[in-house]
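The next block holds one structure in the form of structure tokens; read it before the comments.
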Amino acid sequence: RLKVPPDLTPGSALYEEYGKKIHERWGKTMKFKKIVQKNMDLNSLRCSTLLKLNQAEKFQNMEEIYFPYNVDFRGRAYPIPPHLNHLGSDMSRGLLTLAEAKPLGDRGLHWLKVHLANLCGANKISFDDRVAFADEHMDDIRASVRDPGHENSWWMTCEEPFQVLATCREIVRALDSGDPASYRCSLPVHMDGSCNGLQHYAAIGLDRAGGRAVNLCAGDTPQDVYIGVMEEVVRRVHADAERPLPDGPSKEEVKRRTSARLVDGHIDRKVVKQTVMTSVYGVTYIGARNQIKERLEEKLAPTHDIDEIEGELHLASGYVAKLTMEVMGDLFQGERGTM
């Protein structure tokens, strides 16, 4: 006897039940794939770390080491060795020192403290305030050097932990030497520009407002172009989230408001920084969206199931990317004209 096939027409109870099961299975499959990918990424990071440590062990007793370089079409020079170099990761930079140590002199300890504050993220205040930051954390600095392996050690909480630990050691050694000015130090102290690409365009275009935003003009405290862009993006996102929908709203209006409400309160400097930095190098909308999506995933992960909101997050990332690029165009009109 032939059995009557089940009713699978759209809208039927069985159709809805099957659809729900398929959706759940698809969700679990995607979550499993992401976990597998994350484990592969972590394994890759572990392998990279071991390769760096292996290189460091081989070179640790040599008096001097040299790096061959490649120069690209822009004139930028990059070390060829991929695992251990002074332009590499935080750990690579923390492991390397200059071959020739020199006395710190009258201002060397001052700049070591400034360097430490920069590595800890306290780089948007005056130099004197950065020195004060290091002095206020002197107990933490000494504790980090005395017992770096302690699970609650202060240096592990910093933005660039391995460089912080290396700097802590130099500061303590200089102070304990009894004569910091004569202490021979070989630790590099980094100086960095403020969004170099925008600095060049502001200078070429003689844009005083843009130049002030990227610290080409003198000021008492450093300007932070990323904060300026972030604040305007935050303002526009909040306005979109609070704006009521009109009667009979379009799909675009609904998507914009939904996206704004998802990310409202979650936009910070880190979310927009990479897009602002790469805007002068021709970052595309898709590239900006992917950059922002990574940061938003980090922000939303503690309170949301990222797999469940994948579609909404994708739309929201595109929304924030468009806003960021619009704000960049409004704030840096001189640079945009130069480009």
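Following the order of the structure tokens, chains are lettered A, B, ..., residues in each are numbered from 1, and ligands are numbered from 1.
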
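Shell of Leu216 (chain A) at 10 Å, with only C-alpha atoms counted and residues fewer than 4 places along the chain excluded, is Gly193, Ser194, Gln199, His200, Ala202, Ala203, Arg208, Ala209, Gly210, Gly211, Arg212, Pro222 and Gln223 of chain A.
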
Residues of the last selection are to be written out with C-alpha atoms, as an mmCIF file, in the first residue's frame.
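Produced file part-v4.cif, reproduced below:
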```cif
data_model
loop_
_atom_site.group_PDB
_atom_site.id
_atom_site.type_symbol
_atom_site.label_atom_id
_atom_site.label_comp_id
_atom_site.auth_asym_id
_atom_site.auth_seq_id
_atom_site.Cartn_x
_atom_site.Cartn_y
_atom_site.Cartn_z
ATOM 1 C CA GLY A 193 53.608 59.447 14.433
ATOM 2 C CA SER A 194 49.889 60.112 14.750
ATOM 3 C CA GLN A 199 49.912 63.602 8.534
ATOM 4 C CA HIS A 200 51.358 63.505 5.024
ATOM 5 C CA ALA A 202 47.477 67.299 5.864
ATOM 6 C CA ALA A 203 50.981 68.646 5.227
ATOM 7 C CA ARG A 208 45.740 73.427 9.532
ATOM 8 C CA ALA A 209 42.659 71.844 11.119
ATOM 9 C CA GLY A 210 43.659 68.388 9.902
ATOM 10 C CA GLY A 211 47.271 68.997 10.883
ATOM 11 C CA ARG A 212 46.220 69.959 14.383
ATOM 12 C CA PRO A 222 48.555 65.207 22.173
ATOM 13 C CA GLN A 223 45.520 65.221 19.920
#
```

When DSSP works through the backbone of this structure, what residues of region 93-194 of chain A end up as strand (DSSP E), shown as a list of chain:residue names?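 Taking region 93-194 of chain A and keeping strand (DSSP E) gives A:Lys102, A:Pro103, A:Arg184, A:Cys185.
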
Skip Glu297 (chain A) itself and residues of its chain fewer than 6 positions away, then list as a count of residues only all residues within 10 Å of it, counting only C-alpha atoms. 8

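Taking only C-alpha atoms into account, Cys120 (chain A) lies nearest to A:Ile141 out of the set A:Ile141, A:Val320, A:Val280, A:Met325.
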
Can you write out as a Markdown table which residues of region 118-231 of chain A fall within 9 Å of region 90-114 of chain A, alongside each residue's closest atom pair and its distance in Å to one decimal, counting only C-alpha atoms and ordering rows by chain and ascending residue number?
```
| residue | atom | partner | partner_atom | distance |
| --- | --- | --- | --- | --- |
| A:Asn118 | CA | A:Val114 | CA | 6.2 |
| A:Leu119 | CA | A:Val114 | CA | 8.7 |
| A:Ala122 | CA | A:Val114 | CA | 9.0 |
| A:Asn123 | CA | A:Val114 | CA | 8.3 |
| A:Phe127 | CA | A:Val114 | CA | 6.3 |
| A:Asp128 | CA | A:Val114 | CA | 8.1 |
| A:Asp129 | CA | A:Val114 | CA | 8.7 |
| A:Arg130 | CA | A:Val114 | CA | 5.3 |
| A:Val131 | CA | A:Lys113 | CA | 5.2 |
| A:Ala132 | CA | A:Lys113 | CA | 8.4 |
| A:Phe133 | CA | A:Lys113 | CA | 8.1 |
| A:Ala134 | CA | A:Lys113 | CA | 5.6 |
| A:Asp135 | CA | A:Lys113 | CA | 8.0 |
| A:Glu160 | CA | A:Asp90 | CA | 5.9 |
| A:Pro161 | CA | A:Asp90 | CA | 7.3 |
| A:Phe162 | CA | A:Gly94 | CA | 5.1 |
| A:Gln163 | CA | A:Gly94 | CA | 4.2 |
| A:Val164 | CA | A:Gly94 | CA | 7.7 |
| A:Leu165 | CA | A:Gly94 | CA | 7.6 |
| A:Ala166 | CA | A:Gly94 | CA | 5.8 |
| A:Thr167 | CA | A:Leu112 | CA | 7.0 |
| A:Cys168 | CA | A:Leu112 | CA | 8.9 |
| A:Glu170 | CA | A:Leu112 | CA | 8.0 |
| A:Ile171 | CA | A:Leu112 | CA | 6.8 |
| A:Ala174 | CA | A:Leu109 | CA | 7.5 |
| A:Leu175 | CA | A:Leu109 | CA | 8.6 |
| A:Pro180 | CA | A:Leu104 | CA | 6.7 |
| A:Ala181 | CA | A:Gly105 | CA | 4.1 |
| A:Ser182 | CA | A:Pro103 | CA | 4.9 |
| A:Tyr183 | CA | A:Pro103 | CA | 5.1 |
| A:Arg184 | CA | A:Pro103 | CA | 4.2 |
| A:Cys185 | CA | A:Ala101 | CA | 4.9 |
| A:Ser186 | CA | A:Ala101 | CA | 4.2 |
| A:Leu187 | CA | A:Thr97 | CA | 5.0 |
| A:Pro188 | CA | A:Thr97 | CA | 6.4 |
| A:Val189 | CA | A:Leu112 | CA | 6.8 |
```

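When CA of Thr221 (chain A) is paired with CA of Lys273 (chain A), their separation reads 19.6 Å.
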
Quick one: residues within 9 Å of Glu242 (chain A), only C-alpha atoms, excluding same-chain residues fewer than 4 positions away - as a ChimeraX atom specification? /A:237-238,257,260-261

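Coordinates place CA of Ala321 (chain A) at a distance of 10.8 Å from CA of Val283 (chain A).
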
If you run DSSP on the backbone, which residues of region 52-184 of chain A are helix (DSSP H, G or I), as a PyMOL selection string? chain A and resi 52-59+90-95+105-119+127-136+138-146+154-157+161-176+180-182
